[in-house]
file input17.pdb (PDB, C-alpha atoms)
ATOM      1  CA  VAL V   1      16.738 -11.217   9.541
ATOM      2  CA  GLU V   2      18.440 -14.406  10.667
ATOM      3  CA  ASP V   3      18.698 -13.071  14.223
ATOM      4  CA  VAL V   4      14.971 -12.354  14.295
ATOM      5  CA  VAL V   5      14.147 -15.854  13.071
ATOM      6  CA  ALA V   6      16.542 -17.381  15.618
ATOM      7  CA  ALA V   7      14.972 -15.340  18.439
ATOM      8  CA  TYR V   8      11.464 -16.333  17.310
ATOM      9  CA  ASN V   9      12.412 -20.008  17.195
ATOM     10  CA  ALA V  10      13.966 -19.802  20.674
ATOM     11  CA  LEU V  11      10.647 -18.674  22.195
ATOM     12  CA  GLY V  12       8.908 -22.017  22.235
ATOM     13  CA  GLU V  13       5.476 -22.769  20.809
ATOM     14  CA  PRO V  14       3.176 -21.108  23.417
ATOM     15  CA  LEU V  15       5.159 -17.869  23.301
ATOM     16  CA  GLN V  16       5.362 -17.998  19.506
ATOM     17  CA  ILE V  17       1.566 -18.095  19.282
ATOM     18  CA  LYS V  18       1.270 -15.238  21.786
ATOM     19  CA  PHE V  19       3.869 -13.232  19.848
ATOM     20  CA  LEU V  20       1.996 -13.722  16.565
ATOM     21  CA  PHE V  21      -1.343 -12.809  18.152
ATOM     22  CA  ASP V  22       0.100  -9.719  19.851
ATOM     23  CA  SER V  23       1.757  -8.646  16.594
ATOM     24  CA  PHE V  24      -1.553  -9.024  14.755
ATOM     25  CA  VAL V  25      -3.458  -7.008  17.386
ATOM     26  CA  CYS V  26      -0.778  -4.321  17.359
ATOM     27  CA  GLY V  27      -0.850  -4.077  13.569
ATOM     28  CA  MET V  28      -4.656  -3.915  13.430
ATOM     29  CA  SER V  29      -4.711  -1.252  16.151
ATOM     30  CA  PHE V  30      -2.249   0.867  14.208
ATOM     31  CA  TYR V  31      -4.226   0.385  10.989
ATOM     32  CA  LEU V  32      -7.497   1.366  12.667
ATOM     33  CA  TYR V  33      -5.799   4.379  14.272
ATOM     34  CA  ASN V  34      -4.621   5.539  10.834
ATOM     35  CA  GLU V  35      -8.083   5.039   9.310
ATOM     36  CA  PHE V  36      -9.720   6.967  12.139
ATOM     37  CA  GLN V  37      -7.103   9.713  11.881
ATOM     38  CA  ASN V  38      -7.746  10.110   8.140
ATOM     39  CA  MET V  39     -11.505  10.324   8.718
ATOM     40  CA  VAL V  40     -11.078  13.006  11.388
ATOM     41  CA  LEU V  41      -8.468  15.001   9.499
ATOM     42  CA  SER V  42     -10.648  15.144   6.405
ATOM     43  CA  ASP V  43     -13.269  17.003   8.475
ATOM     44  CA  LEU V  44     -10.847  19.366  10.261
ATOM     45  CA  GLY V  45      -8.739  22.246   9.106
ATOM     46  CA  PRO V  46      -5.031  22.714   9.684
ATOM     47  CA  VAL V  47      -5.378  24.625  12.965
ATOM     48  CA  PRO V  48      -7.455  22.039  14.865
ATOM     49  CA  THR V  49      -5.145  19.371  13.492
ATOM     50  CA  ALA V  50      -2.082  21.189  14.853
ATOM     51  CA  VAL V  51      -3.744  21.698  18.231
ATOM     52  CA  GLY V  52      -4.713  18.020  18.334
ATOM     53  CA  ASN V  53      -1.156  16.934  17.523
ATOM     54  CA  THR V  54       0.218  19.121  20.298
ATOM     55  CA  LEU V  55      -2.298  17.812  22.813
ATOM     56  CA  LYS V  56      -1.482  14.250  21.727
ATOM     57  CA  ARG V  57       2.184  14.795  22.506
ATOM     58  CA  VAL V  58       1.394  16.337  25.875
ATOM     59  CA  ALA V  59      -0.912  13.406  26.662
ATOM     60  CA  ILE V  60       1.958  11.028  25.849
ATOM     61  CA  PHE V  61       4.253  12.873  28.280
ATOM     62  CA  VAL V  62       1.643  12.725  31.034
ATOM     63  CA  GLY V  63       0.804   9.084  30.288
ATOM     64  CA  LEU V  64       4.465   8.100  30.430
ATOM     65  CA  TYR V  65       4.784   9.882  33.747
ATOM     66  CA  LEU V  66       1.721   8.162  35.208
ATOM     67  CA  PHE V  67       2.289   4.636  33.907
ATOM     68  CA  THR V  68       6.067   4.217  33.608
ATOM     69  CA  ALA V  69       8.081   3.390  36.685
ATOM     70  CA  GLY V  70      10.963   5.777  37.184
ATOM     71  CA  GLU V  71       9.694   8.413  34.737
ATOM     72  CA  THR V  72       9.945  11.939  36.082
ATOM     73  CA  PHE V  73       7.957  15.022  35.192
ATOM     74  CA  PRO V  74      10.362  17.826  36.127
ATOM     75  CA  MET V  75       9.539  21.506  35.871
ATOM     76  CA  PRO V  76      11.112  21.958  32.390
ATOM     77  CA  LYS V  77       8.678  19.361  30.989
ATOM     78  CA  VAL V  78       5.763  21.057  32.738
ATOM     79  CA  VAL V  79       6.801  24.468  31.382
ATOM     80  CA  GLY V  80       7.344  23.044  27.897
ATOM     81  CA  CYS V  81       3.917  21.410  27.878
ATOM     82  CA  ALA V  82       2.320  24.627  29.121
ATOM     83  CA  ILE V  83       4.065  26.674  26.424
ATOM     84  CA  ALA V  84       3.034  24.208  23.712
ATOM     85  CA  ILE V  85      -0.610  24.153  24.781
ATOM     86  CA  SER V  86      -0.769  27.924  25.310
ATOM     87  CA  GLY V  87       0.870  28.649  21.963
ATOM     88  CA  CYS V  88      -1.452  26.344  20.046
ATOM     89  CA  LEU V  89      -4.483  27.716  21.852
ATOM     90  CA  ALA V  90      -3.433  31.323  21.180
ATOM     91  CA  TYR V  91      -2.795  30.541  17.525
ATOM     92  CA  ALA V  92      -6.149  28.795  17.159
ATOM     93  CA  ILE V  93      -8.004  31.719  18.771
ATOM     94  CA  CYS V  94      -6.157  34.316  16.679
ATOM     95  CA  ASN V  95      -6.694  32.320  13.516
ATOM     96  CA  SER V  96     -10.424  31.899  14.160
ATOM     97  CA  LYS V  97     -10.791  35.651  14.760
ATOM     98  CA  LYS V  98      -8.583  36.444  11.712
ATOM     99  CA  ILE V  99      -6.098  38.416  13.840
TER
END

call {"tool": "encode", "arguments": {"input": "input17.pdb", "output": "structure tokens"}}
result
Amino acid sequence: VEDVVAAYNALGEPLQIKFLFDSFVCGMSFYLYNEFQNMVLSDLGPVPTAVGNTLKRVAIFVGLYLFTAGETFPMPKVVGCAIAISGCLAYAICNSKKI
């Protein structure tokens, strides 16, 4: 804790204000995300929730590739994403048809 306080104090006043504002915005964004997630999940069943979680992870991989310098998207990641999406889609279809 002392190291965090020392680092905060070393920032200087303009950066301290920016840090506090950014921390507040980050915390509110996470809170609103959780509230929205709870509203959506209360209306969905377990299968759409699982498919949504898988697609969220794939979207994170693709977003990291597009917006992070030096990030690669090699064939194993592509195959893994394809398997994850295909498996969730197959499960959702089979579950909806009671197969």

call {"tool": "residues_around", "arguments": {"input": "input17.pdb", "residues": "Gly45 (chain V)", "least_positions_apart": "4", "cutoff": "12 Å", "atoms": "all atoms listed in the file", "output": "PyMOL selection string"}}
result
chain V and resi 40-41+49-52+92+95-96

call {"tool": "closest_residue", "arguments": {"input": "input17.pdb", "among": "V:Arg57, V:Thr72, V:Gln16, V:Ile99", "to": "Ala84 (chain V)", "atoms": "all atoms listed in the file"}}
result
V:Arg57

call {"tool": "resolve_selection", "arguments": {"input": "input17.pdb", "expression": "the PyMOL selection byres ((chain V and resi 88) around 10)", "output": "ChimeraX atom specification"}}
result
/V:47-48,50-55,82-87,89-94

call {"tool": "atom_distance", "arguments": {"input": "input17.pdb", "atom1": "CA of Phe61 (chain V)", "atom2": "CA of Phe24 (chain V)"}}
result
26.4 Å

call {"tool": "atom_distance", "arguments": {"input": "input17.pdb", "atom1": "CA of Ser23 (chain V)", "atom2": "CA of Gly70 (chain V)"}}
result
26.8 Å

call {"tool": "axis_aligned_box", "arguments": {"input": "input17.pdb", "around": "region 2-8 of chain V", "padding_each_side": "5 Å", "output": "lines of an AutoDock Vina configuration file"}}
result
center_x = 15.1
center_y = -14.9
center_z = 14.6
size_x = 17.2
size_y = 15.0
size_z = 17.8

call {"tool": "atom_distance", "arguments": {"input": "input17.pdb", "atom1": "CA of Val79 (chain V)", "atom2": "CA of Pro46 (chain V)"}}
result
24.8 Å
